[in-house]
Amino acid sequence: MGLSDILTQIESGNEEEIRMRLFEYNTENSKTFAFDCGEEDARIKLCQGLLTVLRQSVQPQCQSTCLETMRILSRDKRVLGPVATRDGILTLSGLARITLPDAEVEPLEDVKSTAEERVVVEALKCLCNVIFNSVAAQQVGADVRLAQGICAHLRLSSSMHHEVGLFSLRLLFLLSALRQDVRGRLCKETGAVGLLTGVLEHTLDVCWAGPYEVTPPDPLAPPVPREKSEQVMETLKALFNITLSDTSDEDNYHQLRRVAAILRHILMLRTETEEKTEEAHSHAINLLSNLPVCCLDVLIDVPLQGGLEEYGGKNLDVVQILVDFMEKRIDKGVNYKEGLTPVLSLMTEGSRYHREIRRYLKAKVLPPLKDVKERPEIGTTVRNKLVRLMTHVDMGVKQGAAEFLFVLCKESVDNLLKYTGYGNAAGLLVARGLLAGGRGETEYSADEDSDTEEYKSAKPFINPITGHIEEPMPNPIEDMTEEQKEYEAQKLANMIGELSRQQLIRPMGVRKDGSLAPLEEAIRTCRVADSSDSDSD
């Protein structure tokens, strides 16, 4: 179907012919995502022509067909000029029944037929594509307060077909992701956090057992249906964006604690497939990592469900789900930055500020050492996998794994080295200025870690660099005379000096505060500190 034929039919104004020609075009191009540059001008004219038709009083079947064509065309960023205008956005938002200031729109509740509902869905899909692909459209969307209109839309869409709510949420997600000013207004002016919390409650049929405790799901209940799980994930994505803004006031803390309780509920649920369950859990974890750390006690404080006496009566079921999720993501071995770092960050902050979470994770991830014959990074335990990540090429992944283990060790350098070895921990210690040992800044409870008898007996033979017992190695200088040893030492010093002069290496030393410095500076600093100590004596 040629674009010139379609444009001719649009100019003729015959509604049925327009619909038929566009239907053929849509059928041919439903899977098209790469377009011919030679027809770019024709596609721009077609966008303009479609807007002209959509502004007329045509039947819903013709409107939905025009919008489907617009959706296909909006995959091409280069042809969105006519649509990414105030008039274009207002036309599409009107067809989506989104109420905006200074715009007359038929109310969403007046939609009665399936055909009219189809128009609303297709208009929302078009808006999603246009907003995603056009910076100009994003600016117009912010100017006409499109996000605020979508919030009003969501309050009415619960009685509509699920796609109306789904694409309303997706549009809200895109606007809040692409425009920081929109995020701020949604958080402070629109009450979007409360609104989206209500969407989650409605979608999942949440029943409250207490102020911040959701009635647990029935173990025999069927999995969450696909349509509901899709809507939940879009809601979580939008909430994630909105909670990136400042939410630090008492009213929000109450609301965010309720969000945390619902997120705990989501982590306990399963969907129709394991892949979708993991995806839903991933979005829940991302949002949890955005919440103030003081809200995380809701995850383990569920009085009506009971808990473990050894952990102060707290319920750690959801923490175990986080551990399992983390290990699954590590085993996948791909996309660590987006797939793994959020759960590491969440467990790190939870452990830093909630003693029971830290104690439980310490028991699961760093149980008391017994066998130290293998290097810490070799093996299949969670500890082995995390230690391997401490030398990962991605800085964020490496720092996330190291920080998590450091917090589990109550930020004690000696405890960390016991589980990881100095070589694996060196990066963290350099970054923290703790090469000389000591502790981090966070205060932890006074409970002590006890070593096993096996570890105590093996400790004198452990190589602190590798963190394990090494087989005895022959001493290469054992049969040398003193003169030969002195010669080899001088030779090594000369080689280091030559490499240093060529700036191929830079000898470093450790200051008294544990930070690294060029060797000369470190020595000079230590001498000055020693002389000042002797003067004070």
# chains A, B, ... in the order shown; residues from 1 in each chain; ligands from 1
$ residues_around --residues "A:Leu256" --least-positions-apart "5" --cutoff "12 Å" --atoms "only C-alpha atoms" --output "PyMOL selection string"
chain A and resi 187+192-194+196-197+211-212+239-240+242-243+247-251+261-263+287-298
$ residues_around --residues "A:Asp76" --least-positions-apart "3" --cutoff "8 Å" --atoms "only C-alpha atoms" --output "ChimeraX atom specification"
/A:33-35,73,79-80,133
$ residues_around --residues "A:Glu17" --least-positions-apart "3" --cutoff "12 Å" --atoms "only C-alpha atoms" --output "list of chain:residue names"
A:Asp5, A:Ile6, A:Leu7, A:Thr8, A:Gln9, A:Ile10, A:Glu11, A:Ser12, A:Gly13, A:Asn14, A:Met20, A:Arg21, A:Leu22, A:Phe23, A:Glu24, A:Cys62, A:Thr65, A:Cys66
$ write_last_selection --atoms "N, CA and C atoms" --output "PDB file, in the first residue's frame"
ATOM      1  N   ASP A   5      -1.198   6.891  -2.148  1.00  0.00           N
ATOM      2  CA  ASP A   5      -2.602   6.479  -2.256  1.00  0.00           C
ATOM      3  C   ASP A   5      -3.357   6.791  -0.962  1.00  0.00           C
ATOM      4  N   ILE A   6      -2.701   6.546   0.164  1.00  0.00           N
ATOM      5  CA  ILE A   6      -3.351   6.822   1.458  1.00  0.00           C
ATOM      6  C   ILE A   6      -3.599   8.316   1.616  1.00  0.00           C
ATOM      7  N   LEU A   7      -2.601   9.130   1.258  1.00  0.00           N
ATOM      8  CA  LEU A   7      -2.755  10.579   1.372  1.00  0.00           C
ATOM      9  C   LEU A   7      -3.880  11.088   0.473  1.00  0.00           C
ATOM     10  N   THR A   8      -4.008  10.483  -0.697  1.00  0.00           N
ATOM     11  CA  THR A   8      -5.092  10.868  -1.607  1.00  0.00           C
ATOM     12  C   THR A   8      -6.446  10.567  -0.988  1.00  0.00           C
ATOM     13  N   GLN A   9      -6.571   9.395  -0.368  1.00  0.00           N
ATOM     14  CA  GLN A   9      -7.836   9.023   0.269  1.00  0.00           C
ATOM     15  C   GLN A   9      -8.153   9.949   1.445  1.00  0.00           C
ATOM     16  N   ILE A  10      -7.124  10.339   2.202  1.00  0.00           N
ATOM     17  CA  ILE A  10      -7.348  11.257   3.333  1.00  0.00           C
ATOM     18  C   ILE A  10      -7.865  12.597   2.825  1.00  0.00           C
ATOM     19  N   GLU A  11      -7.305  13.071   1.706  1.00  0.00           N
ATOM     20  CA  GLU A  11      -7.751  14.346   1.134  1.00  0.00           C
ATOM     21  C   GLU A  11      -9.186  14.250   0.616  1.00  0.00           C
ATOM     22  N   SER A  12      -9.590  13.039   0.166  1.00  0.00           N
ATOM     23  CA  SER A  12     -10.957  12.870  -0.359  1.00  0.00           C
ATOM     24  C   SER A  12     -12.007  12.959   0.745  1.00  0.00           C
ATOM     25  N   GLY A  13     -11.608  12.584   1.970  1.00  0.00           N
ATOM     26  CA  GLY A  13     -12.519  12.686   3.104  1.00  0.00           C
ATOM     27  C   GLY A  13     -13.506  11.557   3.238  1.00  0.00           C
ATOM     28  N   ASN A  14     -13.355  10.476   2.443  1.00  0.00           N
ATOM     29  CA  ASN A  14     -14.243   9.316   2.542  1.00  0.00           C
ATOM     30  C   ASN A  14     -13.813   8.455   3.720  1.00  0.00           C
ATOM     31  N   MET A  20     -10.194   1.613   5.329  1.00  0.00           N
ATOM     32  CA  MET A  20      -9.766   0.412   4.616  1.00  0.00           C
ATOM     33  C   MET A  20      -8.301   0.512   4.186  1.00  0.00           C
ATOM     34  N   ARG A  21      -7.931   1.702   3.629  1.00  0.00           N
ATOM     35  CA  ARG A  21      -6.539   1.863   3.182  1.00  0.00           C
ATOM     36  C   ARG A  21      -5.569   1.796   4.372  1.00  0.00           C
ATOM     37  N   LEU A  22      -5.941   2.429   5.463  1.00  0.00           N
ATOM     38  CA  LEU A  22      -5.064   2.397   6.644  1.00  0.00           C
ATOM     39  C   LEU A  22      -4.991   1.001   7.247  1.00  0.00           C
ATOM     40  N   PHE A  23      -6.094   0.284   7.218  1.00  0.00           N
ATOM     41  CA  PHE A  23      -6.084  -1.088   7.735  1.00  0.00           C
ATOM     42  C   PHE A  23      -5.075  -1.942   6.963  1.00  0.00           C
ATOM     43  N   GLU A  24      -5.050  -1.782   5.624  1.00  0.00           N
ATOM     44  CA  GLU A  24      -4.082  -2.527   4.811  1.00  0.00           C
ATOM     45  C   GLU A  24      -2.647  -2.130   5.177  1.00  0.00           C
ATOM     46  N   CYS A  62     -12.875   4.039  12.804  1.00  0.00           N
ATOM     47  CA  CYS A  62     -11.922   4.810  11.996  1.00  0.00           C
ATOM     48  C   CYS A  62     -10.874   5.471  12.882  1.00  0.00           C
ATOM     49  N   THR A  65      -8.266   2.875  13.929  1.00  0.00           N
ATOM     50  CA  THR A  65      -7.400   2.508  12.810  1.00  0.00           C
ATOM     51  C   THR A  65      -6.380   3.608  12.538  1.00  0.00           C
ATOM     52  N   CYS A  66      -6.825   4.865  12.560  1.00  0.00           N
ATOM     53  CA  CYS A  66      -5.900   6.004  12.390  1.00  0.00           C
ATOM     54  C   CYS A  66      -4.839   6.011  13.485  1.00  0.00           C
TER      55      CYS A  66
END
$ select_by_dssp --residues "stretch 286-454 of chain A" --states "alpha helix (DSSP H)" --output "number ranges by chain"
A: 286-288, 317-332, 336-339, 341-353, 355-365, 382-389, 395-408, 413-420, 422-432, 453-454
$ closest_atom_pairs --of "stretch 508-532 of chain A" --to "stretch 407-430 of chain A" --cutoff "10 Å" --atoms "only C-alpha atoms" --output "tab-separated table"
residue	atom	partner	partner_atom	distance
A:Val510	CA	A:Val430	CA	9.6
A:Gly514	CA	A:Val430	CA	8.0
A:Ser515	CA	A:Val430	CA	6.4
A:Leu516	CA	A:Val430	CA	6.9
$ closest_residue --among "A:Pro368, A:Gly400, A:Pro107, A:Pro476" --to "A:Val343" --atoms "only C-alpha atoms"
A:Gly400
$ closest_residue --among "A:Val130, A:Ala209, A:Val164, A:Ala42" --to "A:Ala96" --atoms "only C-alpha atoms"
A:Val164
$ closest_residue --among "A:Val232, A:Leu195, A:Leu204, A:Leu186" --to "A:Leu244" --atoms "only C-alpha atoms"
A:Leu186
$ residues_around --residues "A:Leu51" --least-positions-apart "4" --cutoff "10 Å" --atoms "only C-alpha atoms" --output "PyMOL selection string"
chain A and resi 45-47+55-56+66-67+70+82-83+87-88+91-92
$ residues_around --residues "A:Gln59" --least-positions-apart "4" --cutoff "12 Å" --atoms "only C-alpha atoms" --output "ChimeraX atom specification"
/A:14-16,18-19,53-55,63-66,115-116,118-119
$ write_last_selection --atoms "C-alpha atoms" --output "short mmCIF file (atom, residue, chain, number, x, y, z; two decimals), in the first residue's frame"
data_model
loop_
_atom_site.label_atom_id
_atom_site.label_comp_id
_atom_site.auth_asym_id
_atom_site.auth_seq_id
_atom_site.Cartn_x
_atom_site.Cartn_y
_atom_site.Cartn_z
CA ASN A 14 -14.24 9.32 2.54
CA GLU A 15 -14.20 7.81 6.05
CA GLU A 16 -14.69 4.18 5.02
CA ILE A 18 -9.60 5.94 4.66
CA ARG A 19 -10.20 3.20 7.20
CA VAL A 53 -8.89 13.09 10.48
CA LEU A 54 -8.72 12.50 14.25
CA ARG A 55 -9.92 16.05 14.94
CA GLN A 63 -10.32 6.58 14.97
CA SER A 64 -8.70 3.41 16.29
CA THR A 65 -7.40 2.51 12.81
CA CYS A 66 -5.90 6.00 12.39
CA ALA A 115 -14.82 0.26 20.12
CA GLU A 116 -14.55 3.44 22.21
CA ARG A 118 -10.09 0.55 21.82
CA VAL A 119 -9.68 4.22 20.82
#
$ closest_residue --among "A:Ala260, A:Leu172, A:Met390, A:Leu316" --to "A:Arg355" --atoms "only C-alpha atoms"
A:Leu316
$ residues_around --residues "A:Pro217" --least-positions-apart "3" --cutoff "8 Å" --atoms "only C-alpha atoms" --output "list in words"
Ala221, His265, Met268 and Leu269 of chain A
$ write_last_selection --atoms "N, CA and C atoms" --output "mmCIF file, in the first residue's frame"
data_model
loop_
_atom_site.group_PDB
_atom_site.id
_atom_site.type_symbol
_atom_site.label_atom_id
_atom_site.label_comp_id
_atom_site.auth_asym_id
_atom_site.auth_seq_id
_atom_site.Cartn_x
_atom_site.Cartn_y
_atom_site.Cartn_z
ATOM 1 N N ALA A 221 -3.113 -20.698 46.932
ATOM 2 C CA ALA A 221 -3.772 -19.818 45.962
ATOM 3 C C ALA A 221 -3.071 -19.907 44.611
ATOM 4 N N HIS A 265 4.785 -8.096 50.525
ATOM 5 C CA HIS A 265 3.733 -8.988 50.044
ATOM 6 C C HIS A 265 4.047 -9.466 48.618
ATOM 7 N N MET A 268 6.578 -12.152 48.352
ATOM 8 C CA MET A 268 6.096 -13.463 48.795
ATOM 9 C C MET A 268 5.174 -14.125 47.756
ATOM 10 N N LEU A 269 4.845 -13.389 46.693
ATOM 11 C CA LEU A 269 3.919 -13.908 45.684
ATOM 12 C C LEU A 269 4.674 -14.559 44.533
#
$ decode --residues "stretch 139-174 of chain A" --atoms "N, CA, C and O atoms" --output "CSV table (one decimal), in the first residue's frame"
chain,number,residue,atom,x,y,z
A,139,GLN,N,8.6,18.0,26.5
A,139,GLN,CA,8.4,19.3,27.0
A,139,GLN,C,7.0,19.8,26.9
A,139,GLN,O,6.5,20.4,27.9
A,140,VAL,N,6.3,19.5,25.8
A,140,VAL,CA,4.9,19.8,25.7
A,140,VAL,C,4.1,19.1,26.8
A,140,VAL,O,3.2,19.6,27.5
A,141,GLY,N,4.4,17.8,27.0
A,141,GLY,CA,3.7,17.0,28.1
A,141,GLY,C,3.9,17.6,29.4
A,141,GLY,O,2.9,17.7,30.2
A,142,ALA,N,5.1,18.1,29.7
A,142,ALA,CA,5.3,18.8,31.0
A,142,ALA,C,4.5,20.1,31.1
A,142,ALA,O,3.9,20.5,32.1
A,143,ASP,N,4.5,20.9,29.9
A,143,ASP,CA,3.8,22.2,29.9
A,143,ASP,C,2.3,22.0,30.1
A,143,ASP,O,1.6,22.9,30.8
A,144,VAL,N,1.7,21.0,29.5
A,144,VAL,CA,0.2,20.9,29.6
A,144,VAL,C,-0.2,20.0,30.8
A,144,VAL,O,-1.4,19.7,31.0
A,145,ARG,N,0.8,19.6,31.6
A,145,ARG,CA,0.6,18.9,32.9
A,145,ARG,C,-0.1,17.5,32.6
A,145,ARG,O,-1.1,17.1,33.2
A,146,LEU,N,0.5,16.9,31.6
A,146,LEU,CA,0.0,15.6,31.1
A,146,LEU,C,0.0,14.5,32.3
A,146,LEU,O,-0.9,13.7,32.4
A,147,ALA,N,1.1,14.5,33.0
A,147,ALA,CA,1.2,13.5,34.1
A,147,ALA,C,0.1,13.7,35.2
A,147,ALA,O,-0.4,12.7,35.7
A,148,GLN,N,-0.2,14.9,35.5
A,148,GLN,CA,-1.3,15.1,36.5
A,148,GLN,C,-2.6,14.7,35.9
A,148,GLN,O,-3.5,14.1,36.6
A,149,GLY,N,-2.8,14.8,34.6
A,149,GLY,CA,-4.0,14.3,34.0
A,149,GLY,C,-4.1,12.8,34.0
A,149,GLY,O,-5.2,12.2,34.2
A,150,ILE,N,-2.9,12.2,33.8
A,150,ILE,CA,-2.9,10.7,33.9
A,150,ILE,C,-3.3,10.2,35.3
A,150,ILE,O,-4.0,9.2,35.4
A,151,CYS,N,-2.8,10.9,36.3
A,151,CYS,CA,-3.2,10.5,37.7
A,151,CYS,C,-4.7,10.6,37.9
A,151,CYS,O,-5.3,9.6,38.5
A,152,ALA,N,-5.4,11.6,37.3
A,152,ALA,CA,-6.8,11.6,37.4
A,152,ALA,C,-7.4,10.5,36.6
A,152,ALA,O,-8.5,9.9,37.0
A,153,HIS,N,-6.8,10.2,35.5
A,153,HIS,CA,-7.2,9.1,34.6
A,153,HIS,C,-7.2,7.7,35.4
A,153,HIS,O,-8.1,6.9,35.3
A,154,LEU,N,-6.1,7.5,36.2
A,154,LEU,CA,-5.9,6.3,36.9
A,154,LEU,C,-7.0,6.1,38.0
A,154,LEU,O,-7.4,5.0,38.3
A,155,ARG,N,-7.5,7.2,38.5
A,155,ARG,CA,-8.5,7.1,39.5
A,155,ARG,C,-9.8,6.5,39.0
A,155,ARG,O,-10.7,6.0,39.7
A,156,LEU,N,-10.0,6.6,37.6
A,156,LEU,CA,-11.2,6.2,37.0
A,156,LEU,C,-11.1,4.9,36.2
A,156,LEU,O,-12.1,4.4,35.7
A,157,SER,N,-9.8,4.5,35.9
A,157,SER,CA,-9.6,3.4,35.0
A,157,SER,C,-9.8,2.0,35.6
A,157,SER,O,-9.7,1.0,34.8
A,158,SER,N,-10.0,1.9,36.9
A,158,SER,CA,-10.1,0.6,37.5
A,158,SER,C,-11.3,-0.2,36.9
A,158,SER,O,-11.2,-1.5,36.9
A,159,SER,N,-12.3,0.5,36.5
A,159,SER,CA,-13.5,-0.2,36.0
A,159,SER,C,-13.4,-0.5,34.5
A,159,SER,O,-14.2,-1.1,33.9
A,160,MET,N,-12.3,-0.1,33.8
A,160,MET,CA,-12.1,-0.2,32.4
A,160,MET,C,-11.3,-1.5,32.1
A,160,MET,O,-10.8,-2.2,33.0
A,161,HIS,N,-11.1,-1.8,30.8
A,161,HIS,CA,-10.3,-2.9,30.3
A,161,HIS,C,-8.9,-2.7,30.9
A,161,HIS,O,-8.4,-1.5,31.0
A,162,HIS,N,-8.2,-3.8,31.2
A,162,HIS,CA,-6.9,-3.6,31.9
A,162,HIS,C,-5.9,-2.9,31.1
A,162,HIS,O,-5.0,-2.2,31.7
A,163,GLU,N,-6.0,-2.8,29.8
A,163,GLU,CA,-5.0,-2.1,29.0
A,163,GLU,C,-5.1,-0.6,29.2
A,163,GLU,O,-4.1,0.1,29.0
A,164,VAL,N,-6.3,-0.1,29.5
A,164,VAL,CA,-6.4,1.3,29.8
A,164,VAL,C,-5.5,1.7,31.0
A,164,VAL,O,-4.7,2.7,30.9
A,165,GLY,N,-5.6,0.9,32.1
A,165,GLY,CA,-4.8,1.2,33.2
A,165,GLY,C,-3.3,0.9,32.9
A,165,GLY,O,-2.4,1.7,33.4
A,166,LEU,N,-3.0,-0.2,32.2
A,166,LEU,CA,-1.6,-0.5,31.9
A,166,LEU,C,-0.9,0.5,31.2
A,166,LEU,O,0.2,1.0,31.5
A,167,PHE,N,-1.5,1.1,30.1
A,167,PHE,CA,-0.8,2.1,29.3
A,167,PHE,C,-0.9,3.4,29.9
A,167,PHE,O,0.0,4.3,29.6
A,168,SER,N,-1.8,3.7,30.8
A,168,SER,CA,-1.8,4.9,31.6
A,168,SER,C,-0.6,4.9,32.5
A,168,SER,O,0.1,5.9,32.6
A,169,LEU,N,-0.4,3.8,33.1
A,169,LEU,CA,0.8,3.6,34.0
A,169,LEU,C,2.1,3.7,33.3
A,169,LEU,O,3.1,4.3,33.7
A,170,ARG,N,2.1,3.1,32.1
A,170,ARG,CA,3.4,3.2,31.3
A,170,ARG,C,3.7,4.6,30.8
A,170,ARG,O,4.8,5.0,30.9
A,171,LEU,N,2.6,5.3,30.5
A,171,LEU,CA,2.8,6.7,30.1
A,171,LEU,C,3.3,7.6,31.3
A,171,LEU,O,4.2,8.4,31.2
A,172,LEU,N,2.8,7.3,32.5
A,172,LEU,CA,3.2,8.0,33.7
A,172,LEU,C,4.7,7.6,34.0
A,172,LEU,O,5.5,8.5,34.4
A,173,PHE,N,5.0,6.4,33.8
A,173,PHE,CA,6.4,5.9,34.0
A,173,PHE,C,7.4,6.7,33.1
A,173,PHE,O,8.4,7.2,33.5
A,174,LEU,N,7.0,6.8,31.8
A,174,LEU,CA,7.9,7.5,30.8
A,174,LEU,C,8.1,9.0,31.2
A,174,LEU,O,9.2,9.5,31.1
